[in-house]
$ cat coords.txt   # compact mmCIF, C-alpha atoms
# COMPACT_ATOMS: atom_id res chain seq x y z
CA MET A 1423 14.14 -5.96 39.19
CA SER A 1424 10.47 -6.58 38.35
CA SER A 1425 9.41 -9.42 36.07
CA GLY A 1426 8.31 -6.90 33.43
CA ASP A 1427 11.86 -5.58 33.03
CA THR A 1428 13.15 -8.61 31.15
CA PRO A 1429 13.11 -7.99 27.39
CA ILE A 1430 11.90 -10.74 25.07
CA SER A 1431 13.00 -11.49 21.56
CA THR A 1432 10.57 -12.95 19.04
CA ARG A 1433 10.94 -13.15 15.28
CA LEU A 1434 7.92 -12.24 13.15
CA SER A 1435 8.83 -15.20 10.96
CA ASP A 1436 7.59 -17.30 13.90
CA MET A 1437 4.08 -15.87 13.85
CA ALA A 1438 2.72 -18.66 16.04
CA ALA A 1439 5.07 -17.57 18.85
CA VAL A 1440 4.14 -13.92 18.34
CA ARG A 1441 0.43 -14.65 18.55
CA GLU A 1442 0.89 -16.88 21.59
CA ALA A 1443 2.29 -13.84 23.40
CA PHE A 1444 -1.16 -12.21 23.21
CA PRO A 1445 -3.64 -14.08 25.42
CA ILE A 1446 -6.71 -12.36 23.98
CA LEU A 1447 -5.98 -13.81 20.54
CA GLN A 1448 -6.28 -17.37 21.84
CA GLN A 1449 -10.08 -17.23 22.05
CA GLN A 1450 -13.01 -17.58 19.70
CA MET A 1451 -15.79 -15.12 18.94
CA HIS A 1452 -19.18 -16.50 17.91
CA GLY A 1453 -17.57 -19.89 17.34
CA GLN A 1454 -14.85 -18.50 15.06
CA PRO A 1455 -11.17 -17.76 15.77
CA LEU A 1456 -10.85 -14.10 16.72
CA ILE A 1457 -9.43 -11.85 13.99
CA PHE A 1458 -8.65 -8.49 15.54
CA LEU A 1459 -8.44 -5.72 12.94
CA ASP A 1460 -8.97 -2.65 15.11
CA SER A 1461 -5.46 -1.91 16.37
CA ALA A 1462 -5.62 1.68 15.11
CA ALA A 1463 -8.16 2.25 17.89
CA SER A 1464 -6.31 0.22 20.53
CA SER A 1465 -3.84 -2.62 20.20
CA GLN A 1466 -3.80 -5.83 22.21
CA ARG A 1467 -1.33 -6.49 25.02
CA PRO A 1468 1.19 -9.31 25.34
CA HIS A 1469 1.79 -11.35 28.50
CA HIS A 1470 4.98 -9.36 29.04
CA VAL A 1471 3.06 -6.11 29.51
CA ILE A 1472 0.23 -7.64 31.51
CA HIS A 1473 2.72 -9.23 33.91
CA ALA A 1474 4.67 -5.99 34.32
CA LEU A 1475 1.53 -4.13 35.43
CA ALA A 1476 0.42 -6.97 37.70
CA ASP A 1477 3.91 -7.24 39.22
CA TYR A 1478 3.91 -3.55 40.14
CA MET A 1479 0.43 -3.76 41.64
CA SER A 1480 1.12 -6.90 43.63
CA ARG A 1481 4.75 -6.46 44.67
CA TYR A 1482 5.93 -2.85 44.91
CA HIS A 1483 3.02 -0.45 44.57
CA ALA A 1484 3.76 2.91 46.23
CA ASN A 1485 3.77 6.57 45.28
CA VAL A 1486 6.87 7.84 43.51
CA HIS A 1487 9.60 10.45 44.03
CA ARG A 1488 9.13 11.38 47.70
CA GLY A 1489 9.16 8.16 49.71
CA VAL A 1490 12.42 7.05 51.33
CA TYR A 1491 11.23 3.51 52.02
CA TRP A 1492 12.01 0.55 49.75
CA LEU A 1493 8.63 0.23 48.01
CA SER A 1494 8.61 3.89 46.97
CA GLU A 1495 12.22 3.79 45.84
CA GLU A 1496 11.55 0.66 43.77
CA ALA A 1497 8.46 2.22 42.18
CA THR A 1498 10.35 5.45 41.47
CA TYR A 1499 13.22 3.56 39.87
CA ALA A 1500 10.85 1.56 37.62
CA TYR A 1501 8.84 4.66 36.69
CA GLU A 1502 11.90 6.67 35.72
CA GLN A 1503 13.42 3.69 33.95
CA ALA A 1504 10.28 3.58 31.80
CA ARG A 1505 10.87 7.22 30.92
CA GLU A 1506 14.40 6.36 29.82
CA LYS A 1507 13.15 3.44 27.72
CA VAL A 1508 10.64 5.65 25.92
CA ALA A 1509 13.26 8.35 25.35
CA HIS A 1510 15.63 5.83 23.78
CA PHE A 1511 12.78 4.29 21.75
CA ILE A 1512 12.14 7.55 19.87
CA GLY A 1513 15.70 8.89 19.87
CA ALA A 1514 15.20 11.69 22.39
CA ARG A 1515 18.39 13.42 23.51
CA ARG A 1516 17.53 13.15 27.20
CA PRO A 1517 14.83 11.44 29.30
CA GLU A 1518 13.67 14.80 30.66
CA GLU A 1519 12.15 15.47 27.24
CA ILE A 1520 9.59 12.72 27.93
CA ILE A 1521 6.41 13.83 29.72
CA PHE A 1522 3.92 11.17 30.75
CA THR A 1523 0.32 12.12 30.02
CA ARG A 1524 -2.93 10.14 29.91
CA ASN A 1525 -2.95 9.83 26.11
CA THR A 1526 -2.23 11.62 22.83
CA THR A 1527 -5.20 13.92 23.37
CA GLU A 1528 -3.92 15.23 26.70
CA ALA A 1529 -0.42 15.64 25.27
CA ILE A 1530 -1.70 17.86 22.44
CA ASN A 1531 -3.84 19.86 24.86
CA LEU A 1532 -0.78 20.38 27.09
CA VAL A 1533 1.02 22.10 24.21
CA ALA A 1534 -2.06 24.11 23.25
CA TYR A 1535 -2.41 25.52 26.76
CA ALA A 1536 1.14 25.67 28.08
CA TRP A 1537 2.75 26.98 24.87
CA GLY A 1538 -0.18 28.26 22.86
CA ASP A 1539 -1.70 30.57 25.45
CA ALA A 1540 1.66 32.27 25.95
CA HIS A 1541 2.60 32.73 22.30
CA VAL A 1542 -0.54 32.91 20.15
CA GLN A 1543 -2.14 36.34 19.72
CA ALA A 1544 -5.25 37.68 18.01
CA GLY A 1545 -4.95 37.33 14.24
CA ASP A 1546 -2.26 34.65 14.37
CA ARG A 1547 -2.74 31.52 12.23
CA ILE A 1548 -2.78 27.86 13.24
CA LEU A 1549 -2.28 25.44 10.34
CA LEU A 1550 -3.84 21.96 10.43
CA THR A 1551 -4.81 19.40 7.78
CA LEU A 1552 -8.15 17.92 6.73
CA MET A 1553 -7.03 14.40 7.67
CA GLU A 1554 -6.64 15.16 11.39
CA HIS A 1555 -8.18 13.21 14.24
CA HIS A 1556 -10.48 15.37 16.34
CA SER A 1557 -7.81 15.35 19.06
CA ASN A 1558 -5.61 17.40 16.74
CA ILE A 1559 -8.44 19.77 15.77
CA VAL A 1560 -10.54 20.55 18.82
CA ALA A 1561 -7.59 21.49 21.07
CA TRP A 1562 -6.51 24.09 18.50
CA GLN A 1563 -10.08 25.31 17.99
CA LEU A 1564 -10.25 25.99 21.73
CA LEU A 1565 -6.91 27.80 21.60
CA ALA A 1566 -8.12 29.89 18.64
CA GLU A 1567 -11.27 30.81 20.56
CA ARG A 1568 -9.28 31.81 23.64
CA ARG A 1569 -6.71 33.87 21.75
CA GLY A 1570 -8.59 35.13 18.70
CA ALA A 1571 -6.48 33.13 16.25
CA VAL A 1572 -7.52 31.77 12.84
CA LEU A 1573 -7.41 28.13 11.71
CA ASP A 1574 -6.18 27.18 8.24
CA TYR A 1575 -6.25 23.71 6.67
CA VAL A 1576 -4.08 21.90 4.15
CA THR A 1577 -6.38 19.95 1.84
CA LEU A 1578 -5.80 16.57 0.17
CA ASP A 1579 -5.32 15.31 -3.38
CA ALA A 1580 -7.42 12.60 -4.99
CA ASP A 1581 -5.18 9.85 -3.54
CA GLY A 1582 -5.60 11.03 0.04
CA ARG A 1583 -2.21 12.71 0.32
CA LEU A 1584 -1.56 16.23 1.56
CA ASP A 1585 -1.55 18.90 -1.12
CA LEU A 1586 1.89 20.23 -0.33
CA ASP A 1587 1.75 22.62 -3.30
CA SER A 1588 -0.57 24.80 -1.20
CA LEU A 1589 1.62 24.64 1.90
CA ASP A 1590 3.81 27.63 1.13
CA GLN A 1591 0.73 29.74 0.41
CA LEU A 1592 -0.83 28.81 3.74
CA LEU A 1593 2.36 29.36 5.72
CA THR A 1594 2.76 33.05 6.53
CA GLU A 1595 4.65 35.19 9.02
CA ARG A 1596 1.53 35.01 11.21
CA THR A 1597 1.55 31.18 11.36
CA ARG A 1598 2.43 30.26 14.93
CA ILE A 1599 1.64 26.53 15.01
CA VAL A 1600 1.61 23.77 12.40
CA ALA A 1601 -0.01 20.61 13.79
CA PHE A 1602 -0.53 17.46 11.74
CA THR A 1603 -0.60 13.70 11.90
CA HIS A 1604 2.39 11.56 10.97
CA GLN A 1605 0.04 8.85 9.70
CA SER A 1606 -3.69 9.16 9.06
CA ASN A 1607 -5.86 6.90 11.19
CA VAL A 1608 -8.31 6.54 8.26
CA LEU A 1609 -6.43 6.89 5.00
CA GLY A 1610 -3.22 5.32 6.25
CA THR A 1611 -1.32 8.15 4.51
CA ILE A 1612 2.22 8.62 5.84
CA ASN A 1613 3.08 12.31 5.75
CA PRO A 1614 6.58 13.75 5.08
CA VAL A 1615 7.14 15.21 8.54
CA ALA A 1616 10.68 16.48 7.97
CA THR A 1617 9.69 18.33 4.79
CA ILE A 1618 6.68 20.01 6.40
CA ALA A 1619 8.63 20.83 9.58
CA ALA A 1620 11.41 22.52 7.62
CA ARG A 1621 8.94 24.73 5.76
CA ALA A 1622 7.09 25.56 8.98
CA HIS A 1623 10.29 26.47 10.81
CA ALA A 1624 11.27 28.73 7.92
CA VAL A 1625 8.41 31.07 8.90
CA GLY A 1626 9.04 30.63 12.64
CA ALA A 1627 6.15 28.28 13.36
CA LEU A 1628 6.07 25.60 16.08
CA VAL A 1629 5.61 22.03 14.76
CA VAL A 1630 3.41 19.56 16.67
CA VAL A 1631 3.11 16.00 15.32
CA ASP A 1632 0.41 13.49 16.23
CA GLY A 1633 2.34 10.22 16.29
CA ALA A 1634 -0.44 8.00 17.64
CA GLN A 1635 -0.55 5.95 14.43
CA SER A 1636 3.14 6.04 13.54
CA VAL A 1637 5.17 5.40 16.70
CA PRO A 1638 3.63 1.91 17.23
CA HIS A 1639 4.20 0.83 13.63
CA MET A 1640 7.51 2.13 12.31
CA PRO A 1641 10.90 3.35 13.52
CA VAL A 1642 10.48 6.97 14.65
CA ASN A 1643 13.44 9.15 15.57
CA VAL A 1644 12.59 12.65 16.75
CA ALA A 1645 15.96 14.01 15.62
CA GLU A 1646 15.14 12.97 12.06
CA LEU A 1647 11.54 14.22 12.19
CA GLY A 1648 12.60 17.79 12.86
CA ALA A 1649 9.44 18.53 14.86
CA ASP A 1650 9.22 20.43 18.14
CA PHE A 1651 6.66 18.14 19.79
CA LEU A 1652 5.52 14.55 19.24
CA ALA A 1653 2.49 13.02 20.98
CA PHE A 1654 1.51 9.34 21.17
CA SER A 1655 -0.43 6.82 23.29
CA GLY A 1656 0.64 3.69 25.15
CA HIS A 1657 -2.49 1.68 24.38
CA LYS A 1658 -1.83 1.73 20.63
CA MET A 1659 1.66 0.23 21.03
CA CYS A 1660 0.93 -2.91 23.11
CA GLY A 1661 0.84 -0.89 26.35
CA PRO A 1662 -2.01 -0.14 28.75
CA THR A 1663 -4.62 2.59 28.55
CA GLY A 1664 -4.25 5.66 30.74
CA VAL A 1665 -0.69 6.56 29.78
CA GLY A 1666 0.56 8.61 26.85
CA VAL A 1667 3.67 10.56 25.96
CA LEU A 1668 4.53 14.08 24.97
CA TRP A 1669 8.06 14.48 23.68
CA GLY A 1670 9.25 18.05 23.36
CA ARG A 1671 12.52 19.78 22.68
CA TYR A 1672 14.02 20.56 26.07
CA ASP A 1673 14.84 24.15 25.22
CA ILE A 1674 11.14 24.76 24.52
CA LEU A 1675 9.77 22.72 27.43
CA SER A 1676 12.00 24.52 29.91
CA THR A 1677 10.42 27.88 28.98
CA MET A 1678 6.81 26.72 29.34
CA HIS A 1679 4.53 27.30 32.31
CA PRO A 1680 2.65 24.35 33.84
CA PHE A 1681 -0.48 22.90 32.31
CA LEU A 1682 -1.92 21.70 35.65
CA GLY A 1683 -1.20 22.88 39.19
CA GLY A 1684 -0.94 20.73 42.30
CA GLY A 1685 1.33 18.26 43.97
CA SER A 1686 4.62 17.05 42.51
CA MET A 1687 4.98 19.87 39.98
CA ILE A 1688 6.22 22.51 42.44
CA SER A 1689 9.54 23.60 43.84
CA TYR A 1690 8.27 25.92 46.58
CA VAL A 1691 4.79 27.03 47.70
CA ASP A 1692 3.86 29.89 49.99
CA GLU A 1693 0.52 31.55 50.62
CA GLN A 1694 0.64 33.85 47.60
CA ARG A 1695 2.81 32.23 44.96
CA SER A 1696 4.66 29.10 43.90
CA THR A 1697 7.75 28.19 41.96
CA TYR A 1698 7.75 25.15 39.74
CA ALA A 1699 9.78 21.98 39.44
CA ASP A 1700 12.10 21.35 36.55
CA VAL A 1701 11.02 19.54 33.40
CA PRO A 1702 9.44 16.96 33.24
CA GLN A 1703 7.94 17.01 36.76
CA ARG A 1704 6.60 20.50 36.04
CA PHE A 1705 4.06 18.93 33.70
CA GLU A 1706 3.18 15.83 35.75
CA ALA A 1707 0.96 17.25 38.49
CA GLY A 1708 -0.44 14.84 41.08
CA THR A 1709 0.10 11.13 41.36
CA PRO A 1710 0.86 9.80 37.87
CA ALA A 1711 -0.25 6.55 36.27
CA ILE A 1712 2.74 4.73 37.79
CA GLY A 1713 1.92 1.14 36.93
CA GLU A 1714 0.75 2.09 33.47
CA ALA A 1715 3.99 3.96 32.73
CA ILE A 1716 6.01 0.97 33.95
CA ALA A 1717 3.93 -1.31 31.71
CA LEU A 1718 4.53 1.07 28.80
CA GLY A 1719 8.23 0.57 29.41
CA ALA A 1720 7.59 -3.18 29.19
CA ALA A 1721 5.76 -2.63 25.89
CA VAL A 1722 8.82 -0.81 24.59
CA ASP A 1723 10.93 -3.81 25.63
CA PHE A 1724 8.54 -6.10 23.75
CA LEU A 1725 8.58 -4.02 20.58
CA ASN A 1726 12.36 -3.66 20.71
CA GLY A 1727 12.65 -7.41 21.11
CA ILE A 1728 10.88 -7.86 17.79
CA GLY A 1729 12.39 -4.80 16.11
CA MET A 1730 10.53 -1.81 14.70
CA ASP A 1731 12.04 -2.33 11.26
CA ALA A 1732 10.70 -5.88 11.26
CA ILE A 1733 7.26 -4.69 12.37
CA TYR A 1734 7.16 -2.04 9.65
CA HIS A 1735 8.16 -4.47 6.89
CA HIS A 1736 5.69 -7.09 8.14
CA GLU A 1737 2.89 -4.56 8.01
CA GLN A 1738 3.95 -3.37 4.56
CA GLU A 1739 3.58 -6.94 3.32
CA LEU A 1740 0.14 -7.13 4.90
CA VAL A 1741 -0.90 -3.83 3.33
CA GLN A 1742 0.25 -4.99 -0.11
CA HIS A 1743 -1.70 -8.23 0.28
CA ALA A 1744 -4.77 -6.39 1.54
CA LEU A 1745 -4.71 -3.91 -1.35
CA GLN A 1746 -4.56 -6.77 -3.84
CA GLN A 1747 -7.34 -8.76 -2.21
CA LEU A 1748 -9.70 -5.86 -1.52
CA ALA A 1749 -9.40 -4.85 -5.19
CA THR A 1750 -11.25 -8.09 -6.07
CA VAL A 1751 -14.31 -7.22 -3.96
CA PRO A 1752 -17.16 -5.85 -6.11
CA ASN A 1753 -18.50 -2.38 -5.22
CA LEU A 1754 -15.76 -1.75 -2.64
CA THR A 1755 -14.33 1.77 -2.53
CA LEU A 1756 -10.99 2.08 -0.75
CA TYR A 1757 -9.80 5.47 0.53
CA GLY A 1758 -6.21 6.61 0.68
CA PRO A 1759 -3.05 5.95 -1.36
CA ARG A 1760 -2.96 2.88 -3.59
CA ALA A 1761 0.79 2.40 -3.14
CA ALA A 1762 1.66 0.36 -0.04
CA GLU A 1763 4.85 2.33 0.61
CA GLN A 1764 2.83 5.55 0.96
CA ARG A 1765 0.54 4.26 3.67
CA GLY A 1766 0.39 2.42 6.95
CA ALA A 1767 -1.71 -0.53 7.99
CA ALA A 1768 -5.11 1.17 8.31
CA LEU A 1769 -7.52 0.64 5.43
CA ALA A 1770 -10.88 2.44 5.30
CA PHE A 1771 -13.53 1.50 2.76
CA THR A 1772 -17.21 1.46 1.89
CA LEU A 1773 -19.12 -1.39 0.28
CA GLY A 1774 -21.81 -0.21 -2.12
CA ASN A 1775 -24.72 1.30 -0.23
CA ILE A 1776 -24.44 -1.04 2.77
CA HIS A 1777 -24.07 0.94 5.99
CA PRO A 1778 -20.64 0.50 7.61
CA HIS A 1779 -22.22 -0.36 10.96
CA ASP A 1780 -24.13 -3.23 9.32
CA ILE A 1781 -20.95 -4.47 7.66
CA ALA A 1782 -19.12 -4.47 10.99
CA ALA A 1783 -21.99 -6.28 12.71
CA VAL A 1784 -22.07 -9.09 10.14
CA LEU A 1785 -18.28 -9.43 10.22
CA ASP A 1786 -18.42 -9.64 14.01
CA GLN A 1787 -20.62 -12.73 13.75
CA GLN A 1788 -17.74 -14.30 11.82
CA GLY A 1789 -15.22 -13.45 14.54
CA ILE A 1790 -13.77 -10.45 12.62
CA ALA A 1791 -13.41 -7.24 14.64
CA VAL A 1792 -13.29 -4.07 12.52
CA ARG A 1793 -14.30 -0.49 13.26
CA ALA A 1794 -17.14 1.44 11.63
CA GLY A 1795 -18.00 5.13 11.85
CA HIS A 1796 -16.25 8.44 11.21
CA HIS A 1797 -13.24 7.43 13.34
CA CYS A 1798 -13.09 10.88 14.98
CA THR A 1799 -12.42 12.49 11.58
CA GLN A 1800 -15.67 14.18 10.60
CA PRO A 1801 -14.02 16.91 8.45
CA LEU A 1802 -12.18 14.21 6.50
CA HIS A 1803 -15.35 12.18 5.95
CA ARG A 1804 -17.16 15.28 4.71
CA LEU A 1805 -14.32 15.76 2.24
CA LEU A 1806 -14.69 12.12 1.15
CA ASP A 1807 -18.46 12.71 0.89
CA VAL A 1808 -19.34 9.70 3.02
CA PRO A 1809 -20.83 9.76 6.53
CA ALA A 1810 -18.86 6.72 7.70
CA THR A 1811 -16.42 4.04 6.61
CA VAL A 1812 -15.34 0.58 7.68
CA ARG A 1813 -11.74 0.45 8.89
CA ALA A 1814 -9.60 -2.67 9.06
CA SER A 1815 -6.33 -1.87 10.83
CA MET A 1816 -3.48 -4.32 11.26
CA TYR A 1817 -0.57 -4.79 13.61
CA LEU A 1818 2.37 -7.10 14.20
CA TYR A 1819 0.15 -10.05 15.22
CA ASN A 1820 -2.01 -10.13 12.06
CA THR A 1821 -1.51 -12.49 9.11
CA ALA A 1822 -2.32 -12.67 5.40
CA ASP A 1823 -4.70 -15.56 6.13
CA GLU A 1824 -6.72 -13.26 8.37
CA LEU A 1825 -6.99 -10.73 5.55
CA ASP A 1826 -8.21 -13.49 3.25
CA ARG A 1827 -10.89 -14.26 5.83
CA LEU A 1828 -11.83 -10.57 5.86
CA VAL A 1829 -12.33 -10.63 2.09
CA ALA A 1830 -14.41 -13.80 2.37
CA GLY A 1831 -16.37 -12.13 5.15
CA LEU A 1832 -17.13 -9.16 2.92
CA ALA A 1833 -18.49 -11.54 0.27
CA HIS A 1834 -20.74 -12.98 2.96
CA VAL A 1835 -21.84 -9.46 3.90
CA GLN A 1836 -22.89 -8.84 0.29
CA ARG A 1837 -24.83 -12.09 0.17
CA VAL A 1838 -26.64 -11.25 3.41
CA LEU A 1839 -27.19 -7.51 2.96
CA GLY A 1840 -26.47 -6.72 -0.68

$ encode --input "coords.txt" --output "structure tokens"
Amino acid sequence: MSSGDTPISTRLSDMAAVREAFPILQQQMHGQPLIFLDSAASSQRPHHVIHALADYMSRYHANVHRGVYWLSEEATYAYEQAREKVAHFIGARRPEEIIFTRNTTEAINLVAYAWGDAHVQAGDRILLTLMEHHSNIVAWQLLAERRGAVLDYVTLDADGRLDLDSLDQLLTERTRIVAFTHQSNVLGTINPVATIAARAHAVGALVVVDGAQSVPHMPVNVAELGADFLAFSGHKMCGPTGVGVLWGRYDILSTMHPFLGGGSMISYVDEQRSTYADVPQRFEAGTPAIGEAIALGAAVDFLNGIGMDAIYHHEQELVQHALQQLATVPNLTLYGPRAAEQRGAALAFTLGNIHPHDIAAVLDQQGIAVRAGHHCTQPLHRLLDVPATVRASMYLYNTADELDRLVAGLAHVQRVLG
């Protein structure tokens, strides 16, 4: 068994121990303790995950599934064990429903090509929302261009929540796909997946959920979601970059043709035609990101050791504190729901007429890492009537004291740039 296989257990009440697990947080930036508030873009990694990847690379690196020697068998075992860990983590019925991809973007594109090209016809409708990340827009735009389909969008109310009153009007017998985010990466809005999925299924539509911002931060069970597909990324949940996950209902996956052709995804190849491997190998052409998948399994161990319920409640406390403190900052406009229970731990805002990039640059000099820009949500920012926002996004290793430093940092920004 590799060193990354051993689960750890850490209580969030012992925040010092939690933070010590993340080596990058032990440093200073510009002479100040690092405050990392950009986990919605990519989270940090604990020793447990770093060691799991290093252990694979240094001790049993080999290609998977076909080797009969020890190194390959060990790598194959660890790779498939990671699949089982991920399946259990999200409540999948069987590990074969887990397909390893590079990231959320590739997972969504896989569905758009492998299911969409076979089922979407000219004049069909694809329903999205105006809070989507570009990953959950562009893939469907490309499908619509290929097949002659039409895109529809659910709009938002004044609090940054989906206008579900318009949903039944937008859902028609021609709606083939409903794709939407579980949690907005800008507004923090948590969407009622089960409600939307039930309405979509009532008209025969396929439901694809972008879980990049939800799976790392709250308990997610695919049986309760009611969706057909769920996509998420390893690097947002304490895992490495280069590995993501597409979960799909097995009865749908088993009917789909491959997304990519090549090695590993075949059953038999002759000069004129090929037959394909069973799910999930059918969708994992070529040599996969073996070490990264194993390290993702270690990230699942780490998160399970803390507990997803504990992580969610910790972040809810941080959100409540942040909402209270940011409300005291003059000229600050916060976007998204005002109720903590309606949102996750991503808070986007503007500060008077100061450009978000300038705000982020001044905060960086104080050791505070936030994100500034349109966050790959240009349609949403046009709806908000702002070209860019500052986003402070939290995770299990952040504290209320760090949020107080953010607020103090914003006061400094106003003194310097206001």

$ residues_around --input "coords.txt" --residues "range 1817-1821 of chain A" --least-positions-apart "2" --cutoff "8 Å" --atoms "all atoms listed in the file" --output "NGL selection string"
:A and (1434 or 1437 or 1440-1441 or 1457-1459 or 1461 or 1465 or 1639 or 1733 or 1736-1737 or 1740 or 1767 or 1815 or 1823-1825)

$ write_last_selection --input "coords.txt" --atoms "C-alpha atoms" --output "short mmCIF file (atom, residue, chain, number, x, y, z; two decimals), keeping the file's coordinate frame"
data_model
loop_
_atom_site.label_atom_id
_atom_site.label_comp_id
_atom_site.auth_asym_id
_atom_site.auth_seq_id
_atom_site.Cartn_x
_atom_site.Cartn_y
_atom_site.Cartn_z
CA LEU A 1434 7.92 -12.24 13.15
CA MET A 1437 4.08 -15.87 13.85
CA VAL A 1440 4.14 -13.92 18.34
CA ARG A 1441 0.43 -14.65 18.55
CA ILE A 1457 -9.43 -11.85 13.99
CA PHE A 1458 -8.65 -8.49 15.54
CA LEU A 1459 -8.44 -5.72 12.94
CA SER A 1461 -5.46 -1.91 16.37
CA SER A 1465 -3.84 -2.62 20.20
CA HIS A 1639 4.20 0.83 13.63
CA ILE A 1733 7.26 -4.69 12.37
CA HIS A 1736 5.69 -7.09 8.14
CA GLU A 1737 2.89 -4.56 8.01
CA LEU A 1740 0.14 -7.13 4.90
CA ALA A 1767 -1.71 -0.53 7.99
CA SER A 1815 -6.33 -1.87 10.83
CA ASP A 1823 -4.70 -15.56 6.13
CA GLU A 1824 -6.72 -13.26 8.37
CA LEU A 1825 -6.99 -10.73 5.55
#

$ axis_aligned_box --input "coords.txt" --around "range 1473-1488 of chain A" --padding-each-side "8 Å" --output "lines of an AutoDock Vina configuration file"
center_x = 5.0
center_y = 1.1
center_z = 40.8
size_x = 25.2
size_y = 36.6
size_z = 29.8

$ closest_residue --input "coords.txt" --among "A:Gln1800, A:Thr1577, A:Ser1676, A:Thr1617" --to "Glu1646 in chain A" --atoms "all atoms listed in the file"
A:Thr1617

$ closest_residue --input "coords.txt" --among "A:Gln1746, A:Ser1606, A:Asn1531, A:Gln1466" --to "Cys1660 in chain A" --atoms "only C-alpha atoms"
A:Gln1466

$ closest_residue --input "coords.txt" --among "A:Leu1628, A:Leu1584, A:Ile1521, A:Leu1573" --to "Asn1613 in chain A" --atoms "only C-alpha atoms"
A:Leu1584

$ residues_around --input "coords.txt" --residues "Ile1716 in chain A" --least-positions-apart "2" --cutoff "9 Å" --atoms "only C-alpha atoms" --output "PyMOL selection string"
chain A and resi 1426-1427+1471+1474-1475+1478+1497+1500-1505+1711-1714+1718-1721

$ atom_distance --input "coords.txt" --atom1 "CA of Phe1724 in chain A" --atom2 "CA of His1470 in chain A"
7.2 Å

$ atom_distance --input "coords.txt" --atom1 "CA of Ala1627 in chain A" --atom2 "CA of Ala1534 in chain A"
13.5 Å

$ residues_around --input "coords.txt" --residues "Leu1682 in chain A" --least-positions-apart "6" --cutoff "10 Å" --atoms "only C-alpha atoms" --output "PyMOL selection string"
chain A and resi 1532+1535-1536+1704-1708

$ closest_residue --input "coords.txt" --among "A:Thr1498, A:Thr1551, A:Asn1775, A:Gln1738" --to "Ala1822 in chain A" --atoms "all atoms listed in the file"
A:Gln1738

$ closest_residue --input "coords.txt" --among "A:Ser1557, A:Val1829, A:Gly1664, A:Met1479" --to "Cys1798 in chain A" --atoms "only C-alpha atoms"
A:Ser1557
